[in-house]
$ cat target00.txt   # compact mmCIF, C-alpha atoms and all ligand atoms
# COMPACT_ATOMS: atom_id res chain seq x y z
CA MET A 20 68.42 -48.78 102.53
CA LYS A 21 67.81 -51.67 104.88
CA ILE A 22 66.08 -50.52 108.04
CA LEU A 23 65.61 -52.34 111.33
CA GLY A 24 62.42 -51.21 113.08
CA ILE A 25 61.87 -51.82 116.79
CA GLU A 26 58.53 -51.34 118.59
CA THR A 27 57.95 -52.00 122.30
CA SER A 28 55.64 -49.20 123.41
CA CYS A 29 52.84 -51.37 124.77
CA ASP A 30 52.29 -55.12 124.74
CA GLU A 31 53.79 -56.27 121.44
CA THR A 32 57.53 -56.83 121.06
CA SER A 33 58.15 -56.28 117.38
CA ALA A 34 61.23 -56.19 115.14
CA SER A 35 61.09 -55.80 111.37
CA ILE A 36 63.40 -55.31 108.44
CA ILE A 37 62.27 -53.29 105.47
CA GLU A 38 64.04 -52.31 102.29
CA ALA A 39 63.26 -48.73 101.29
CA TYR A 40 63.99 -47.20 97.91
CA LYS A 41 64.60 -43.62 96.77
CA ASP A 42 61.10 -43.45 95.26
CA PHE A 43 59.74 -44.47 98.70
CA LYS A 44 58.76 -47.91 97.52
CA ILE A 45 58.89 -50.18 100.54
CA ASN A 46 59.61 -53.88 100.58
CA ILE A 47 58.89 -55.75 103.81
CA LEU A 48 61.57 -58.37 104.39
CA SER A 49 60.35 -59.49 107.82
CA ASN A 50 57.83 -58.52 110.48
CA ILE A 51 58.18 -60.37 113.78
CA VAL A 52 55.46 -59.57 116.31
CA SER A 53 55.67 -61.34 119.62
CA SER A 54 52.26 -60.80 121.16
CA GLN A 55 51.68 -60.78 124.90
CA ILE A 56 47.91 -61.25 124.64
CA ASP A 57 47.92 -64.52 126.62
CA LEU A 58 49.96 -62.91 129.37
CA HIS A 59 47.53 -60.02 129.89
CA LYS A 60 44.26 -61.85 129.15
CA LYS A 61 43.46 -62.67 132.76
CA TYR A 62 43.79 -58.99 133.76
CA GLY A 63 41.48 -57.79 130.96
CA GLY A 64 44.11 -55.26 129.88
CA VAL A 65 47.84 -54.61 129.76
CA PHE A 66 49.69 -55.14 133.08
CA PRO A 67 52.65 -52.71 132.66
CA GLU A 68 55.24 -54.46 134.83
CA LEU A 69 54.58 -57.83 133.19
CA ALA A 70 54.74 -56.16 129.77
CA SER A 71 58.25 -54.76 130.33
CA ARG A 72 59.52 -58.09 131.68
CA ALA A 73 58.16 -59.88 128.62
CA HIS A 74 59.77 -57.28 126.31
CA LEU A 75 63.12 -58.00 128.03
CA GLU A 76 62.74 -61.70 127.29
CA ASN A 77 61.50 -61.23 123.73
CA ILE A 78 63.50 -58.34 122.30
CA ILE A 79 66.75 -60.12 121.34
CA PRO A 80 65.02 -63.25 119.96
CA SER A 81 62.64 -60.99 117.96
CA ILE A 82 65.52 -59.00 116.42
CA LYS A 83 67.41 -62.23 115.64
CA ALA A 84 64.31 -63.73 114.04
CA SER A 85 63.66 -60.59 111.98
CA LEU A 86 67.24 -60.65 110.64
CA SER A 87 67.17 -64.33 109.85
CA LYS A 88 63.74 -64.14 108.14
CA ALA A 89 65.09 -61.22 106.06
CA LYS A 90 68.21 -63.30 105.28
CA THR A 91 70.49 -60.52 106.45
CA ASN A 92 72.62 -59.55 109.44
CA LEU A 93 73.24 -56.48 111.59
CA GLU A 94 76.23 -55.34 109.53
CA ASN A 95 73.93 -54.87 106.52
CA ILE A 96 71.49 -52.63 108.36
CA ASP A 97 71.73 -48.97 107.25
CA LEU A 98 69.38 -47.38 109.78
CA ILE A 99 67.78 -48.33 113.10
CA ALA A 100 64.33 -46.90 113.89
CA ALA A 101 62.82 -47.31 117.35
CA THR A 102 59.60 -46.12 119.01
CA THR A 103 60.54 -43.53 121.64
CA GLY A 104 56.99 -42.74 122.87
CA PRO A 105 54.23 -42.32 123.83
CA GLY A 106 53.65 -45.55 125.72
CA LEU A 107 54.49 -47.44 128.90
CA ILE A 108 57.88 -46.22 130.09
CA GLY A 109 59.14 -49.65 131.23
CA SER A 110 58.22 -51.11 127.84
CA LEU A 111 59.63 -48.22 125.79
CA LEU A 112 62.97 -48.36 127.64
CA VAL A 113 63.56 -51.95 126.56
CA GLY A 114 63.22 -51.20 122.83
CA VAL A 115 64.96 -47.82 122.96
CA ASN A 116 67.96 -49.02 124.96
CA THR A 117 68.37 -52.10 122.77
CA ALA A 118 68.27 -49.87 119.67
CA LYS A 119 70.75 -47.40 121.19
CA THR A 120 73.14 -50.20 122.15
CA LEU A 121 73.05 -51.59 118.62
CA ALA A 122 73.57 -48.13 117.11
CA TYR A 123 76.50 -47.45 119.46
CA SER A 124 78.23 -50.79 119.06
CA LEU A 125 77.77 -50.99 115.29
CA ASP A 126 78.18 -47.24 114.73
CA LYS A 127 74.92 -47.04 112.75
CA PRO A 128 72.52 -44.09 112.41
CA ILE A 129 69.44 -44.28 114.60
CA ILE A 130 66.14 -42.41 114.49
CA GLY A 131 63.47 -42.10 117.18
CA VAL A 132 59.91 -42.52 115.93
CA ASN A 133 56.75 -41.35 117.67
CA HIS A 134 54.28 -44.23 117.95
CA LEU A 135 51.59 -42.11 116.25
CA GLU A 136 53.96 -41.31 113.38
CA GLY A 137 54.26 -45.08 113.07
CA HIS A 138 50.49 -45.60 112.85
CA ILE A 139 50.17 -42.72 110.36
CA TYR A 140 52.92 -44.10 108.11
CA SER A 141 51.50 -47.64 108.24
CA ALA A 142 49.21 -46.38 105.47
CA PHE A 143 52.18 -45.03 103.43
CA GLY A 144 54.70 -46.73 101.18
CA GLY A 145 53.80 -48.40 97.85
CA GLU A 146 54.23 -52.03 98.84
CA ILE A 147 52.52 -51.89 102.19
CA ARG A 148 49.47 -49.87 101.29
CA ASN A 149 47.45 -52.46 99.44
CA SER A 150 46.00 -49.67 97.39
CA LYS A 151 46.32 -47.90 94.09
CA LEU A 152 45.48 -44.51 95.57
CA GLU A 153 48.10 -41.82 95.79
CA ILE A 154 48.63 -39.70 98.88
CA ASN A 155 47.94 -36.04 98.23
CA PHE A 156 48.02 -33.26 100.79
CA PRO A 157 46.25 -31.97 102.75
CA ALA A 158 45.34 -35.36 104.15
CA ILE A 159 43.41 -36.43 107.19
CA VAL A 160 44.34 -39.45 109.28
CA LEU A 161 42.03 -41.12 111.75
CA ILE A 162 44.15 -43.00 114.29
CA VAL A 163 42.01 -45.40 116.29
CA SER A 164 43.79 -47.72 118.68
CA GLY A 165 43.76 -48.92 122.28
CA GLY A 166 45.52 -45.78 123.47
CA HIS A 167 44.48 -43.14 120.93
CA THR A 168 41.55 -41.76 118.99
CA SER A 169 42.80 -38.78 117.03
CA LEU A 170 42.08 -36.92 113.85
CA ILE A 171 45.33 -35.58 112.45
CA LEU A 172 45.46 -33.07 109.63
CA MET A 173 48.62 -33.50 107.56
CA LYS A 174 49.57 -30.55 105.39
CA ASP A 175 52.70 -32.31 104.18
CA TYR A 176 55.05 -35.16 105.10
CA GLY A 177 55.90 -34.59 108.77
CA LYS A 178 53.51 -31.65 109.21
CA PHE A 179 50.89 -32.76 111.70
CA GLU A 180 48.06 -30.88 113.34
CA ALA A 181 45.80 -32.65 115.84
CA ILE A 182 42.29 -31.36 115.11
CA GLY A 183 40.36 -33.76 117.33
CA GLN A 184 40.89 -36.40 119.98
CA THR A 185 39.03 -38.37 122.56
CA ARG A 186 38.13 -36.52 125.72
CA ASP A 187 38.11 -39.75 127.74
CA ASP A 188 38.45 -43.38 126.55
CA ALA A 189 40.07 -44.31 123.24
CA ALA A 190 37.86 -46.24 120.81
CA GLY A 191 39.90 -49.45 121.23
CA GLU A 192 39.81 -49.02 125.00
CA ALA A 193 36.00 -48.78 124.79
CA PHE A 194 35.95 -52.03 122.77
CA ASP A 195 38.14 -53.67 125.43
CA LYS A 196 36.04 -52.41 128.37
CA VAL A 197 32.69 -53.27 126.78
CA ALA A 198 34.03 -56.73 125.92
CA ALA A 199 34.89 -57.20 129.61
CA LEU A 200 31.33 -56.12 130.57
CA LEU A 201 29.95 -58.68 128.11
CA GLU A 202 32.37 -61.31 129.46
CA LEU A 203 34.10 -61.57 126.11
CA PRO A 204 37.88 -62.18 125.92
CA TYR A 205 40.69 -59.63 125.67
CA PRO A 206 41.50 -57.90 123.33
CA GLY A 207 37.92 -56.76 123.04
CA GLY A 208 37.94 -55.43 119.45
CA PRO A 209 38.19 -58.74 117.61
CA ALA A 210 35.97 -60.44 120.24
CA ILE A 211 33.18 -57.87 119.83
CA GLU A 212 33.49 -58.00 116.05
CA LYS A 213 33.02 -61.79 116.15
CA GLU A 214 30.10 -61.67 118.61
CA ALA A 215 28.41 -58.85 116.63
CA SER A 216 28.59 -60.91 113.44
CA LYS A 217 26.17 -63.43 115.03
CA SER A 218 23.51 -60.74 115.46
CA LYS A 219 20.60 -60.43 113.10
CA PRO A 220 19.26 -57.07 114.22
CA LEU A 221 16.41 -56.93 111.73
CA SER A 222 14.89 -60.17 112.99
CA SER A 223 15.41 -59.27 116.63
CA LYS A 224 12.22 -58.23 118.44
CA LEU A 225 14.30 -56.35 120.91
CA LYS A 226 15.18 -52.78 120.07
CA ILE A 227 18.61 -52.08 121.46
CA LYS A 228 19.64 -48.50 120.89
CA LEU A 229 22.83 -46.91 122.17
CA PRO A 230 23.88 -43.24 121.91
CA ARG A 231 26.28 -41.93 119.23
CA PRO A 232 28.30 -39.61 121.53
CA MET A 233 29.14 -36.16 120.16
CA ILE A 234 27.98 -37.05 116.67
CA ASP A 235 26.09 -33.76 116.33
CA SER A 236 28.72 -31.61 118.00
CA SER A 237 30.66 -29.17 115.82
CA SER A 238 33.90 -30.22 117.55
CA PHE A 239 36.08 -32.94 116.03
CA ASP A 240 36.65 -34.43 119.48
CA PHE A 241 35.31 -37.83 120.54
CA SER A 242 33.99 -39.29 123.78
CA PHE A 243 33.43 -42.99 124.43
CA SER A 244 33.16 -43.38 128.19
CA GLY A 245 29.43 -42.49 128.23
CA LEU A 246 28.78 -45.16 125.62
CA LYS A 247 30.51 -47.71 127.84
CA THR A 248 28.32 -46.63 130.78
CA ALA A 249 25.22 -46.90 128.58
CA VAL A 250 26.22 -50.51 127.83
CA LEU A 251 26.63 -51.14 131.55
CA TYR A 252 23.06 -49.90 132.26
CA LEU A 253 21.73 -51.92 129.34
CA ILE A 254 23.38 -55.08 130.67
CA LYS A 255 21.84 -54.49 134.11
CA GLN A 256 18.38 -54.85 132.55
CA PHE A 257 19.16 -58.41 131.59
CA ASN A 258 20.41 -61.12 133.88
CA GLY A 259 21.83 -64.61 133.50
CA ASP A 260 20.35 -66.45 130.54
CA ARG A 261 18.57 -63.40 129.19
CA LEU A 262 21.92 -61.60 128.81
CA LYS A 263 23.34 -64.58 126.93
CA ASN A 264 20.56 -64.17 124.36
CA VAL A 265 21.14 -60.48 123.73
CA LYS A 266 24.95 -60.35 124.01
CA ARG A 267 25.42 -60.48 120.25
CA ASP A 268 22.85 -57.72 119.69
CA ILE A 269 24.49 -55.47 122.29
CA ALA A 270 27.91 -56.14 120.72
CA HIS A 271 26.44 -55.32 117.30
CA GLU A 272 24.81 -52.07 118.40
CA PHE A 273 27.90 -50.97 120.36
CA GLN A 274 30.17 -51.63 117.37
CA GLN A 275 27.78 -49.76 115.08
CA ALA A 276 27.61 -46.79 117.48
CA VAL A 277 31.41 -46.42 117.62
CA ILE A 278 31.73 -46.79 113.85
CA ASP A 279 28.94 -44.29 113.11
CA VAL A 280 30.77 -41.66 115.16
CA LEU A 281 34.21 -42.43 113.69
CA VAL A 282 32.99 -42.33 110.08
CA ASP A 283 30.79 -39.27 110.54
CA LYS A 284 33.46 -37.15 112.27
CA THR A 285 36.19 -38.14 109.83
CA LEU A 286 34.07 -37.26 106.80
CA LYS A 287 32.98 -33.97 108.39
CA ALA A 288 36.60 -33.06 109.09
CA ALA A 289 37.65 -34.13 105.58
CA ASN A 290 34.99 -31.88 104.14
CA TYR A 291 35.77 -28.95 106.43
CA TYR A 292 39.52 -29.00 105.65
CA LYS A 293 38.92 -29.86 101.97
CA VAL A 294 41.40 -32.74 102.17
CA LYS A 295 42.56 -34.73 99.17
CA THR A 296 43.30 -37.99 100.99
CA ILE A 297 41.61 -39.82 103.87
CA MET A 298 43.63 -42.37 105.84
CA LEU A 299 42.74 -44.81 108.56
CA SER A 300 45.14 -46.51 110.96
CA GLY A 301 45.58 -48.13 114.39
CA GLY A 302 44.29 -51.40 115.85
CA VAL A 303 40.57 -50.56 115.50
CA SER A 304 41.04 -49.95 111.76
CA ALA A 305 41.40 -53.74 111.44
CA ASN A 306 37.64 -53.86 112.06
CA SER A 307 35.91 -55.15 108.91
CA LEU A 308 32.71 -53.19 109.42
CA LEU A 309 34.60 -49.93 109.91
CA ARG A 310 36.50 -50.59 106.69
CA ARG A 311 33.27 -51.44 104.84
CA GLU A 312 31.45 -48.32 106.07
CA PHE A 313 34.32 -46.11 104.90
CA GLU A 314 34.40 -47.96 101.59
CA ARG A 315 30.69 -47.28 101.07
CA LYS A 316 31.19 -43.56 101.51
CA THR A 317 34.61 -42.53 100.24
CA ASN A 318 38.00 -43.40 98.80
CA PHE A 319 40.49 -43.93 101.58
CA LEU A 320 43.79 -45.57 102.45
CA VAL A 321 44.14 -48.17 105.16
CA PRO A 322 47.01 -50.56 105.94
CA PRO A 323 46.54 -54.30 105.50
CA LYS A 324 45.01 -55.76 108.68
CA ASN A 325 48.26 -57.14 110.08
CA LEU A 326 49.78 -53.64 110.01
CA CYS A 327 46.83 -51.98 111.78
CA THR A 328 47.76 -53.30 115.22
CA ASP A 329 51.19 -52.48 116.69
CA ASN A 330 54.13 -53.63 114.57
CA ALA A 331 57.68 -52.54 113.78
CA VAL A 332 57.17 -52.25 110.00
CA MET A 333 55.27 -48.99 110.55
CA ILE A 334 58.11 -47.72 112.75
CA ALA A 335 60.70 -48.56 110.09
CA VAL A 336 58.60 -46.89 107.36
CA ALA A 337 58.00 -43.73 109.43
CA GLY A 338 61.70 -43.79 110.37
CA TYR A 339 62.67 -43.87 106.70
CA TYR A 340 60.44 -40.91 105.74
CA LYS A 341 61.58 -38.95 108.79
CA TYR A 342 65.26 -39.73 108.28
CA SER A 343 65.06 -38.79 104.59
CA ALA A 344 63.41 -35.47 105.47
CA THR A 345 65.55 -34.51 108.45
CA TYR A 346 69.01 -36.03 108.43
CA LEU A 347 70.67 -32.96 106.97
CA LYS A 348 69.03 -30.40 109.20
CA LYS A 349 68.55 -31.97 112.63
CA LYS A 350 70.93 -33.22 115.34
CA PRO A 351 73.14 -36.13 114.22
CA ASN A 352 71.33 -39.46 114.19
CA LYS A 353 73.46 -40.79 117.03
CA TRP A 354 72.53 -43.04 119.94
CA TYR A 355 73.05 -40.26 122.51
CA ASN A 356 70.28 -38.12 120.95
CA ILE A 357 67.56 -40.76 121.39
CA ASN A 358 65.53 -41.14 124.58
CA ALA A 359 62.33 -42.84 125.67
CA ASN A 360 59.52 -40.49 126.67
CA ALA A 361 56.24 -41.95 127.96
CA ASN A 362 54.32 -38.76 127.11
CA GLU A 363 56.05 -37.87 123.86
CA LYS A 364 54.02 -35.45 121.70
CA LEU A 365 53.74 -35.65 117.95
CA ILE A 366 55.94 -32.82 116.68
CA ASN A 367 56.56 -31.51 113.18
CA TRP A 368 59.77 -32.44 111.36
O1 LIG A 401 47.20 -50.14 117.63
P1 LIG A 401 47.06 -51.14 118.70
O2 LIG A 401 47.61 -52.52 118.48
O3 LIG A 401 47.69 -50.65 120.05
C1 LIG A 401 47.67 -49.35 120.51
O4 LIG A 401 48.52 -48.53 120.05
O5 LIG A 401 46.79 -49.07 121.36
O6 LIG A 401 45.48 -51.24 119.02
C2 LIG A 401 44.96 -52.17 119.90
C3 LIG A 401 43.47 -51.92 120.03
C4 LIG A 401 42.79 -52.76 121.11
O7 LIG A 401 42.02 -51.92 121.92
C5 LIG A 401 41.93 -53.72 120.31
O8 LIG A 401 40.75 -54.12 121.00
C6 LIG A 401 41.62 -52.92 119.07
O9 LIG A 401 42.81 -52.22 118.79
N1 LIG A 401 41.27 -53.79 117.94
C7 LIG A 401 40.06 -53.79 117.34
C8 LIG A 401 40.10 -54.82 116.36
N2 LIG A 401 41.34 -55.39 116.39
C9 LIG A 401 42.05 -54.73 117.36
N3 LIG A 401 38.95 -53.05 117.55
C10 LIG A 401 37.87 -53.30 116.79
N4 LIG A 401 37.82 -54.28 115.85
C11 LIG A 401 38.90 -55.05 115.60
N5 LIG A 401 38.85 -56.01 114.68
ZN ZN A 402 49.52 -48.52 118.54
$ encode --input "target00.txt" --output "structure tokens"
Amino acid sequence: MKILGIETSCDETSASIIEAYKDFKINILSNIVSSQIDLHKKYGGVFPELASRAHLENIIPSIKASLSKAKTNLENIDLIAATTGPGLIGSLLVGVNTAKTLAYSLDKPIIGVNHLEGHIYSAFGGEIRNSKLEINFPAIVLIVSGGHTSLILMKDYGKFEAIGQTRDDAAGEAFDKVAALLELPYPGGPAIEKEASKSKPLSSKLKIKLPRPMIDSSSFDFSFSGLKTAVLYLIKQFNGDRLKNVKRDIAHEFQQAVIDVLVDKTLKAANYYKVKTIMLSGGVSANSLLRREFERKTNFLVPPKNLCTDNAVMIAVAGYYKYSATYLKKKPNKWYNINANANEKLINW
């Protein structure tokens, strides 16, 4: 099957073509991601109205580019998969309505994909996984992105149970906000990672210590807003040139604090639920230190870095699994059954 994936839930307009086989081997034919980072940089975060306008401008060129890179055309597409939610409603509507129009005019099947299903399935599929490990259930997935920090227990394909989530800021959001406090560019994750890599904590005379929120709690929930406030108070102790000298150490300690909590909670949950597979996904899982810390402690699956942040390949892959599992038993995969929903929940297939 050739599948066209469409993702417009936040600030990336993405269109991808994958080829999916009966044994669930996935071949990526194209992955066009039109990033709006430059557009939102001066606001230090995503400006929703500007995001939807940019999606409107980018969606058709992105789809055209994805088809041409894949050396195919719309007639050869067997299934259209689009992100229906959660996300910014103005952004979601652009992708969903484009997908529905294509499905209607070409009379092709269409499937709505939850953005979190997309992140989860970015770690699935032989070709895209970059790993020799098999997926066995039960599995646990840590989704860490700008909008979400969730631990999902998967008992089977399409059987999801949220066992923990952030009570306030998402991990990626904390990276973005702390980067702004440190006057580092947006998006904050890669900027903090780069700044932190300049730190040599062992040689530093200064002891910078930040809290590891909820690390000792028996709950699998997270909380990152207190950590952000702790950084704010820390910064207030330094001014001007003195802050310049400790920026890298603060970035380093902040990154380490977030990672310590993410790794610790995931391993505790994996142990508690006796899972057979651990998976990592979402924008923050592109962080090299996070990947290294997991590597030191366990076997796990993580997508290649370019599929950690938002992309349409993950939507096409999730769409394929979902379509294969549901097309006989659910409502027909027709354009009139698909709608954007800003608050869409992850539901079982
Ligand atoms: O998955 P994603 O592209 O969008 C959402 O669904 O939210 O994640 C974007 C988030 C941003 O907050 C960004 O700062 C963070 O992922 N991020 C990182 C890294 N690369 C992106 N955080 C830490 N380290 C990174 N290398
Ligand atoms: Zn995302």
$ atom_distance --input "target00.txt" --atom1 "atom N1 of ligand LIG 401 (chain A)" --atom2 "CA of Ala70 (chain A)"
18.1 Å
$ residues_near_ligand --input "target00.txt" --ligand "ligand LIG 401 (chain A)" --cutoff "6 Å" --atoms "only C-alpha atoms and all ligand atoms" --output "list in words"
Ser164, Gly165, Gly166, Gly191, Glu192, Phe194, Asp195, Pro206, Gly207, Gly208, Pro209, Glu212, Gly301, Gly302, Val303, Ala305, Asn306, Thr328 and Asp329 of chain A
$ residues_near_point --input "target00.txt" --point "(63.8, -56.9, 125.3)" --cutoff "9 Å" --atoms "only C-alpha atoms" --output "compact mmCIF listing (two decimals) with C-alpha atoms, keeping the file's coordinate frame"
# COMPACT_ATOMS: atom_id res chain seq x y z
CA THR A 27 57.95 -52.00 122.30
CA THR A 32 57.53 -56.83 121.06
CA SER A 71 58.25 -54.76 130.33
CA ARG A 72 59.52 -58.09 131.68
CA ALA A 73 58.16 -59.88 128.62
CA HIS A 74 59.77 -57.28 126.31
CA LEU A 75 63.12 -58.00 128.03
CA GLU A 76 62.74 -61.70 127.29
CA ASN A 77 61.50 -61.23 123.73
CA ILE A 78 63.50 -58.34 122.30
CA ILE A 79 66.75 -60.12 121.34
CA PRO A 80 65.02 -63.25 119.96
CA SER A 81 62.64 -60.99 117.96
CA SER A 110 58.22 -51.11 127.84
CA LEU A 112 62.97 -48.36 127.64
CA VAL A 113 63.56 -51.95 126.56
CA GLY A 114 63.22 -51.20 122.83
CA ASN A 116 67.96 -49.02 124.96
CA THR A 117 68.37 -52.10 122.77
$ residues_around --input "target00.txt" --residues "Leu308 (chain A)" --least-positions-apart "5" --cutoff "9 Å" --atoms "only C-alpha atoms" --output "PyMOL selection string"
chain A and resi 212+274-275+278+313
$ atom_distance --input "target00.txt" --atom1 "CA of Asn318 (chain A)" --atom2 "CA of Pro157 (chain A)"
14.6 Å
$ atom_distance --input "target00.txt" --atom1 "CA of Pro323 (chain A)" --atom2 "CA of Ile147 (chain A)"
7.2 Å
$ closest_residue --input "target00.txt" --among "A:Asp187, A:Glu136, A:Glu146, A:Asp97" --to "ligand ZN 402 (chain A)" --atoms "only C-alpha atoms and all ligand atoms"
A:Glu136
$ closest_atom_pairs --input "target00.txt" --of "region 118-171 of chain A" --to "region 353-366 of chain A" --cutoff "8 Å" --atoms "all atoms listed in the file" --output "Markdown table"
| residue | atom | partner | partner_atom | distance |
| --- | --- | --- | --- | --- |
| A:Lys119 | CA | A:Trp354 | CA | 4.9 |
| A:Thr120 | CA | A:Trp354 | CA | 7.5 |
| A:Ala122 | CA | A:Trp354 | CA | 5.9 |
| A:Tyr123 | CA | A:Trp354 | CA | 6.0 |
| A:Lys127 | CA | A:Lys353 | CA | 7.7 |
| A:Pro128 | CA | A:Lys353 | CA | 5.8 |
| A:Ile129 | CA | A:Lys353 | CA | 5.9 |
| A:Ile130 | CA | A:Ile357 | CA | 7.2 |
| A:Gly131 | CA | A:Ile357 | CA | 6.0 |
| A:Asn133 | CA | A:Leu365 | CA | 6.5 |
| A:Leu135 | CA | A:Leu365 | CA | 7.0 |
| A:Glu136 | CA | A:Leu365 | CA | 7.3 |
$ residues_around --input "target00.txt" --residues "region 255-267 of chain A" --least-positions-apart "4" --cutoff "12 Å" --atoms "only C-alpha atoms" --output "number ranges by chain"
A: 197-203, 210-220, 223-227, 248-251, 271-274
$ closest_residue --input "target00.txt" --among "A:Ala100, A:Val163, A:Leu93, A:Leu286" --to "ligand ZN 402 (chain A)" --atoms "only C-alpha atoms and all ligand atoms"
A:Val163
$ closest_residue --input "target00.txt" --among "A:Ile297, A:Leu320, A:Ala189, A:Leu58" --to "Met173 (chain A)" --atoms "only C-alpha atoms"
A:Ile297
$ residues_around --input "target00.txt" --residues "Val332 (chain A)" --least-positions-apart "2" --cutoff "8 Å" --atoms "all atoms listed in the file" --output "compact mmCIF listing (two decimals) with C-alpha atoms, in the coordinates of the input"
# COMPACT_ATOMS: atom_id res chain seq x y z
CA GLY A 24 62.42 -51.21 113.08
CA ALA A 34 61.23 -56.19 115.14
CA SER A 35 61.09 -55.80 111.37
CA ILE A 36 63.40 -55.31 108.44
CA ILE A 37 62.27 -53.29 105.47
CA ILE A 47 58.89 -55.75 103.81
CA ASN A 50 57.83 -58.52 110.48
CA SER A 141 51.50 -47.64 108.24
CA LEU A 326 49.78 -53.64 110.01
CA ASN A 330 54.13 -53.63 114.57
CA ILE A 334 58.11 -47.72 112.75
CA ALA A 335 60.70 -48.56 110.09
CA VAL A 336 58.60 -46.89 107.36
$ closest_residue --input "target00.txt" --among "A:His138, A:Lys348, A:Lys293, A:Lys83" --to "ligand ZN 402 (chain A)" --atoms "only C-alpha atoms and all ligand atoms"
A:His138
$ closest_residue --input "target00.txt" --among "A:Asn325, A:Asn46, A:Ser236, A:Ser244" --to "Ala288 (chain A)" --atoms "all atoms listed in the file"
A:Ser236
$ closest_residue --input "target00.txt" --among "A:Ala101, A:Leu299, A:Cys327, A:Leu23" --to "ligand ZN 402 (chain A)" --atoms "all atoms listed in the file"
A:Cys327
$ residues_near_point --input "target00.txt" --point "(58.4, -32.0, 105.8)" --cutoff "12 Å" --atoms "only C-alpha atoms" --output "PyMOL selection string"
chain A and resi 156+173-179+340-346+348+366-368
